[in-house]
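File shown here: data_30.txt, holding compact mmCIF, C-alpha atoms and all ligand atoms.
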```txt
# COMPACT_ATOMS: atom_id res chain seq x y z
CA MET A 107 -10.26 -20.15 -20.94
CA THR A 108 -11.17 -16.50 -21.00
CA SER A 109 -9.25 -13.29 -21.54
CA LYS A 110 -11.14 -11.72 -18.64
CA ALA A 111 -9.91 -11.93 -15.04
CA LEU A 112 -11.64 -14.69 -13.12
CA GLY A 113 -14.16 -13.38 -10.60
CA LEU A 114 -13.42 -14.97 -7.24
CA ASP A 115 -16.34 -16.06 -5.10
CA ASP A 116 -15.71 -16.57 -1.39
CA SER A 117 -14.75 -20.23 -1.73
CA LEU A 118 -12.29 -19.65 -4.59
CA GLN A 119 -10.76 -16.69 -2.70
CA ARG A 120 -10.44 -19.00 0.34
CA TYR A 121 -8.66 -21.56 -1.86
CA VAL A 122 -6.22 -18.89 -3.13
CA LEU A 123 -5.31 -18.04 0.45
CA ASP A 124 -5.19 -21.70 1.52
CA VAL A 125 -2.65 -22.63 -1.15
CA SER A 126 -0.55 -19.45 -1.22
CA LEU A 127 -0.72 -17.30 1.89
CA ARG A 128 2.40 -17.48 4.05
CA GLU A 129 1.74 -15.43 7.14
CA THR A 130 3.88 -15.39 10.24
CA ALA A 131 2.07 -15.84 13.57
CA VAL A 132 2.45 -12.09 14.25
CA GLN A 133 1.00 -11.14 10.86
CA ARG A 134 -1.94 -13.43 11.47
CA ALA A 135 -2.57 -12.02 14.94
CA LEU A 136 -2.42 -8.46 13.58
CA ARG A 137 -4.77 -9.35 10.73
CA GLU A 138 -7.25 -10.86 13.14
CA GLU A 139 -7.09 -7.85 15.46
CA SER A 140 -7.47 -5.47 12.48
CA ASP A 141 -10.52 -7.39 11.26
CA ARG A 142 -12.26 -6.63 14.57
CA HIS A 143 -11.61 -2.91 14.02
CA GLU A 144 -14.57 -0.68 13.02
CA ARG A 145 -12.60 0.42 9.92
CA ALA A 146 -11.44 -3.13 9.12
CA GLN A 147 -11.95 -2.61 5.37
CA MET A 148 -8.92 -0.29 5.43
CA ARG A 149 -6.50 -3.16 6.09
CA THR A 150 -4.45 -4.22 3.10
CA ALA A 151 -5.56 -7.65 1.90
CA ALA A 152 -3.19 -10.40 3.02
CA ASP A 153 -2.57 -11.82 -0.46
CA GLN A 154 -1.95 -8.32 -1.79
CA ALA A 155 0.55 -7.57 0.99
CA GLN A 156 2.36 -10.81 0.19
CA PHE A 157 2.51 -9.83 -3.49
CA ILE A 158 4.01 -6.47 -2.55
CA ALA A 159 6.59 -8.24 -0.37
CA LEU A 160 7.56 -10.31 -3.41
CA LEU A 161 7.91 -7.12 -5.51
CA LEU A 162 10.25 -5.67 -2.87
CA LYS A 163 12.48 -8.73 -3.16
CA LEU A 164 12.37 -8.66 -6.96
CA ILE A 165 13.74 -5.12 -7.05
CA ASP A 166 16.12 -5.59 -4.07
CA ALA A 167 14.33 -2.81 -2.23
CA ARG A 168 15.96 -1.31 0.85
CA ARG A 169 14.06 1.92 1.38
CA VAL A 170 10.27 1.94 1.29
CA LEU A 171 7.70 4.69 1.73
CA GLU A 172 4.14 3.92 2.80
CA ILE A 173 1.32 6.47 2.80
CA GLY A 174 -1.45 5.21 5.07
CA THR A 175 -0.33 2.99 7.96
CA PHE A 176 -3.69 2.10 9.54
CA THR A 177 -2.95 -0.81 11.93
CA GLY A 178 0.37 -1.59 10.28
CA TYR A 179 -0.26 -4.85 8.44
CA GLY A 180 1.27 -3.54 5.20
CA SER A 181 4.32 -2.03 6.90
CA LEU A 182 4.85 -5.20 8.94
CA THR A 183 4.71 -7.34 5.80
CA MET A 184 7.05 -5.02 3.89
CA ALA A 185 9.52 -4.69 6.78
CA GLN A 186 9.74 -8.48 7.04
CA ALA A 187 10.58 -8.68 3.33
CA LEU A 188 13.44 -6.18 3.52
CA PRO A 189 17.08 -7.01 4.23
CA ALA A 190 18.53 -6.33 7.70
CA ASP A 191 19.44 -2.75 6.77
CA GLY A 192 16.02 -2.09 5.18
CA HIS A 193 13.91 0.86 6.23
CA VAL A 194 10.21 1.70 5.95
CA ILE A 195 8.92 5.23 6.48
CA THR A 196 5.17 5.08 7.01
CA CYS A 197 2.79 8.04 7.29
CA ASP A 198 -0.51 8.30 9.11
CA LEU A 199 -2.62 10.82 10.98
CA ASN A 200 -4.12 8.49 13.53
CA ASP A 201 -2.23 7.79 16.74
CA GLU A 202 -4.85 5.29 17.98
CA TRP A 203 -4.65 3.00 14.92
CA THR A 204 -0.87 3.12 14.82
CA LYS A 205 -0.64 2.09 18.50
CA THR A 206 -1.85 -1.31 17.37
CA ALA A 207 0.72 -1.22 14.58
CA ARG A 208 3.61 -0.48 16.94
CA LYS A 209 2.66 -3.31 19.26
CA TYR A 210 2.88 -5.89 16.47
CA TRP A 211 6.02 -4.40 14.88
CA GLN A 212 7.69 -4.93 18.25
CA GLN A 213 6.42 -8.50 18.52
CA ALA A 214 7.76 -9.27 15.04
CA ASP A 215 11.12 -7.69 15.90
CA VAL A 216 10.97 -5.28 12.94
CA PHE A 217 10.26 -2.15 14.99
CA HIS A 218 13.76 -0.81 14.27
CA ARG A 219 13.12 -1.02 10.51
CA ILE A 220 9.92 1.05 10.60
CA GLU A 221 9.75 4.78 11.13
CA LEU A 222 6.26 6.08 11.79
CA ARG A 223 5.65 9.71 10.89
CA LEU A 224 2.41 10.97 12.40
CA GLY A 225 0.86 14.00 10.71
CA PRO A 226 -0.50 14.98 7.30
CA ALA A 227 1.30 12.78 4.76
CA LEU A 228 1.80 15.70 2.37
CA ASP A 229 3.81 17.50 5.06
CA THR A 230 5.93 14.39 5.59
CA LEU A 231 6.54 13.95 1.86
CA ASP A 232 7.44 17.62 1.44
CA ALA A 233 9.79 17.38 4.42
CA LEU A 234 11.51 14.37 2.83
CA LEU A 235 11.92 16.29 -0.44
CA ALA A 236 13.28 19.31 1.44
CA ALA A 237 15.72 17.00 3.25
CA GLY A 238 17.21 15.89 -0.09
CA GLU A 239 15.52 12.47 -0.22
CA SER A 240 14.57 12.74 -3.93
CA GLY A 241 15.21 9.47 -5.74
CA ARG A 242 16.28 7.73 -2.53
CA PHE A 243 13.36 5.32 -2.18
CA ASP A 244 12.98 2.04 -4.08
CA PHE A 245 9.27 1.58 -3.54
CA ALA A 246 6.22 3.56 -2.43
CA TYR A 247 2.81 2.24 -1.45
CA ILE A 248 -0.07 4.74 -1.62
CA ASP A 249 -3.10 3.71 0.44
CA ALA A 250 -4.53 6.75 2.21
CA ASP A 251 -7.18 9.44 1.64
CA LYS A 252 -8.27 9.12 -1.97
CA THR A 253 -8.82 12.79 -2.74
CA ASN A 254 -5.06 13.33 -2.31
CA MET A 255 -4.12 10.26 -4.34
CA ARG A 256 -2.77 12.20 -7.29
CA THR A 257 -0.79 14.60 -5.11
CA TYR A 258 0.78 11.70 -3.21
CA TYR A 259 1.64 10.06 -6.51
CA GLU A 260 3.36 13.20 -7.84
CA ARG A 261 5.44 13.48 -4.66
CA CYS A 262 6.34 9.78 -4.86
CA LEU A 263 7.47 10.21 -8.48
CA LYS A 264 10.14 12.53 -7.09
CA LEU A 265 11.04 10.48 -4.02
CA VAL A 266 11.32 7.08 -5.73
CA ARG A 267 14.37 6.33 -7.90
CA ALA A 268 14.26 5.59 -11.64
CA GLN A 269 13.24 1.94 -12.19
CA GLY A 270 11.66 1.97 -8.73
CA LEU A 271 7.99 1.16 -8.19
CA ILE A 272 4.93 3.01 -6.91
CA ALA A 273 1.91 0.86 -5.99
CA ILE A 274 -1.51 2.47 -5.57
CA ASP A 275 -4.32 0.67 -3.72
CA ASN A 276 -8.12 0.78 -4.11
CA VAL A 277 -8.07 1.76 -7.78
CA LEU A 278 -11.31 -0.17 -8.42
CA TRP A 279 -13.01 1.16 -5.25
CA GLY A 280 -15.38 -1.77 -4.85
CA GLY A 281 -16.32 -1.49 -8.53
CA SER A 282 -17.82 1.98 -8.11
CA VAL A 283 -15.36 3.53 -10.58
CA ILE A 284 -17.66 2.40 -13.41
CA ASN A 285 -20.89 3.49 -11.71
CA LYS A 286 -21.65 6.76 -13.49
CA ALA A 287 -24.26 7.61 -10.86
CA ASP A 288 -21.58 7.55 -8.15
CA ASN A 289 -20.20 11.06 -7.85
CA ASP A 290 -18.71 10.75 -4.39
CA GLU A 291 -15.50 12.81 -4.15
CA ASN A 292 -13.42 9.67 -3.46
CA THR A 293 -14.86 7.83 -6.45
CA ILE A 294 -14.25 10.85 -8.70
CA ALA A 295 -10.68 11.20 -7.44
CA ILE A 296 -9.89 7.54 -8.14
CA ARG A 297 -11.58 7.60 -11.56
CA ASP A 298 -9.66 10.76 -12.54
CA PHE A 299 -6.41 9.31 -11.23
CA ASN A 300 -6.84 6.08 -13.21
CA ALA A 301 -7.64 8.03 -16.38
CA SER A 302 -4.62 10.31 -16.00
CA LEU A 303 -2.27 7.40 -15.33
CA HIS A 304 -3.31 5.65 -18.53
CA ASN A 305 -1.40 8.21 -20.59
CA ASP A 306 1.34 9.03 -18.11
CA GLN A 307 4.50 8.41 -20.14
CA ARG A 308 6.76 8.84 -17.11
CA VAL A 309 5.87 5.32 -15.97
CA ASP A 310 5.09 1.79 -17.11
CA ILE A 311 1.83 0.58 -15.59
CA SER A 312 -0.23 -2.48 -14.76
CA LEU A 313 -3.64 -2.49 -13.05
CA LEU A 314 -4.18 -5.75 -11.18
CA PRO A 315 -7.65 -6.86 -10.07
CA ILE A 316 -6.26 -8.08 -6.73
CA GLY A 317 -7.79 -6.91 -3.44
CA ASP A 318 -9.70 -3.72 -4.25
CA GLY A 319 -7.58 -3.09 -7.35
CA LEU A 320 -3.86 -2.40 -7.26
CA THR A 321 -1.94 -0.40 -9.86
CA ILE A 322 1.80 -0.92 -10.10
CA THR A 323 3.82 1.78 -11.82
CA ARG A 324 7.49 1.57 -12.67
CA ILE A 325 9.32 4.85 -13.08
CA ARG A 326 11.05 5.11 -16.46
CA CA A 401 -6.54 0.14 0.96
```
Can you give me the file's structure in the form of structure tokens?
Amino acid sequence: MTSKALGLDDSLQRYVLDVSLRETAVQRALREESDRHERAQMRTAADQAQFIALLLKLIDARRVLEIGTFTGYGSLTMAQALPADGHVITCDLNDEWTKTARKYWQQADVFHRIELRLGPALDTLDALLAAGESGRFDFAYIDADKTNMRTYYERCLKLVRAQGLIAIDNVLWGGSVINKADNDENTIAIRDFNASLHNDQRVDISLLPIGDGLTITRIR
């Protein structure tokens, strides 16, 4: 045994999915359509989405905020995990991508639980704050443009209730966070965000090497 996380090659990753992934037919169809998309790498990994769905059940989440809809696999998975009166507000800029999302949300009969807000996510988050929604969300999932990661996180700290969770995706960025020669603005933003979170006493944290790296924070 080792104290280091086990690196998964393709066949071990396949095994993980074979013995644990529980997708509905609609989730699977959406995943397959998303994987044919030119920006397919933006889809949330299926095992990661299932883990998030489990977190929602663990905290009895009803109101969820998602920043970065893409083709809607994450929002579909989260909406399916919520109780009948559950609600997901999801933010994206791209009408084309979210058309795919809406089609599958309808097929899965969770369309009524998902509210898509098209436009800059910061505007949506500020509008929610202005509308008195502080502390009214149980969970937030941040998976959008990386240079705004920290700003999204700060807004979510206000919008999510105490003891609620904020999950942040792509915190390992394909491993490039440790490549000192990589000074791309996204890489720098993620590296800076990870470093600042380490000492952020407002939250409890755990960085999981699942998907492209997922940090879970729990608001104290
Ligand atoms: Ca992502």
Item checked: Distance query stretch 195-198 of chain A at most 6 Å, all atoms listed in the file, self and fewer than 3 positions along chain excluded, as a list of chain:residue names -> A:Leu171, A:Glu172, A:Ile173, A:Gly174, A:Thr175, A:Ile220, A:Glu221, A:Leu222, A:Arg223, A:Leu224, A:Ala227
Show me a table, sorted first by chain and then by increasing residue number, of the residues of chain A having an atom at most 8 Å from ligand CA 401 (chain A), each with its shortest atom pair and the distance in Å to one decimal, counting only C-alpha atoms and all ligand atoms and written as a tab-separated table.
```
residue	atom	partner	partner_atom	distance
A:Gln147	CA	A:CA401	CA	7.5
A:Met148	CA	A:CA401	CA	5.1
A:Arg149	CA	A:CA401	CA	6.1
A:Thr150	CA	A:CA401	CA	5.3
A:Ala151	CA	A:CA401	CA	7.9
A:Asp249	CA	A:CA401	CA	5.0
A:Ala250	CA	A:CA401	CA	7.0
A:Asp275	CA	A:CA401	CA	5.2
A:Asn276	CA	A:CA401	CA	5.3
A:Asp318	CA	A:CA401	CA	7.2
```
Would you mind listing what lies within 12 Å of A:Thr253 as a tab-separated table (two decimals) with C-alpha atoms, in the frame of the given file, with only C-alpha atoms counted and same-chain residues fewer than 4 positions away left out?
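Once written, selection.tsv looks like this:
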```tsv
chain	number	residue	atom	x	y	z
A	248	ILE	CA	-0.07	4.74	-1.62
A	249	ASP	CA	-3.10	3.71	0.44
A	257	THR	CA	-0.79	14.60	-5.11
A	258	TYR	CA	0.78	11.70	-3.21
A	259	TYR	CA	1.64	10.06	-6.51
A	290	ASP	CA	-18.71	10.75	-4.39
A	291	GLU	CA	-15.50	12.81	-4.15
A	292	ASN	CA	-13.42	9.67	-3.46
A	293	THR	CA	-14.86	7.83	-6.45
A	294	ILE	CA	-14.25	10.85	-8.70
A	295	ALA	CA	-10.68	11.20	-7.44
A	296	ILE	CA	-9.89	7.54	-8.14
A	297	ARG	CA	-11.58	7.60	-11.56
A	298	ASP	CA	-9.66	10.76	-12.54
A	299	PHE	CA	-6.41	9.31	-11.23
```
Check: For A:Arg219, which of A:Asn254, A:Phe176, A:Lys264, A:Arg169 is the closest residue, counting only C-alpha atoms?
Finding: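 Residue with the minimum atom-to-atom distance to A:Arg219: A:Arg169.
For the set A:Ala207, A:Leu263, A:Ala301, A:Val277, the residue with the smallest atom-to-atom gap to A:Leu313 is A:Val277, counting all atoms listed in the file.
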Item checked: Counting only C-alpha atoms, the option among A:Ala131, A:Ala273, A:Ala190, A:Ile325 closest to A:Asp306 ->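 That would be A:Ile325, the residue with the smallest distance to A:Asp306.
Using all atoms listed in the file, the smallest distance between any of A:Leu265, A:Ile274, A:Leu164, A:Met184 and A:Leu235 comes from A:Leu265.
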Notebook entry, point to check: Which polymer residues have any atom within 10 Å of an atom of A:Arg326, counting all atoms listed in the file, with same-chain residues fewer than 5 positions away left out, as a PyMOL selection string?
Noted result: chain A and resi 267-271+307-310
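Atom CA of A:Asp232 sits 29.4 Å away from atom CA of A:Asp215.
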Note to self: Need to verify the contact set: A:Thr130, 10 Å, only C-alpha atoms, exclusion of same-chain residues closer than 6 positions in sequence. Can you return it as a PyMOL selection string?
What the structure shows: chain A and resi 136+183+186+214
Notebook entry, point to check: If you measure from atom CA of A:Ala152 to atom CA of A:Val132, what distance in Å do you get, rounded to one decimal?
Noted result: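 Between atom CA of A:Ala152 and atom CA of A:Val132 the gap is 12.7 Å.
Residues surrounding A:Leu199 within 7 Å are Asp201, Leu224, Gly225 and Pro226 of chain A [only C-alpha atoms; sequence separation below 2 positions excluded].
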Dump of C-alpha atoms for the selected residues, as a CSV table (one decimal), in the frame of the given file:
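Final output, saved to out_30.csv:
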```csv
chain,number,residue,atom,x,y,z
A,201,ASP,CA,-2.2,7.8,16.7
A,224,LEU,CA,2.4,11.0,12.4
A,225,GLY,CA,0.9,14.0,10.7
A,226,PRO,CA,-0.5,15.0,7.3
```
Margin query: Quick check, in Å to one decimal: how far apart do atom CA of A:Val194 and atom CA of A:Val170 lie?
Written below: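 Answer for the atom CA of A:Val194 to atom CA of A:Val170 separation: 4.7 Å.
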Notebook entry, point to check: With all atoms listed in the file as the basis for distance, which of A:Ala236, A:Ile284, A:Ile165, A:Ile158 is at the shortest distance from A:Thr321?
Noted result: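 Checking each candidate against A:Thr321, we get A:Ile158 as the closest.
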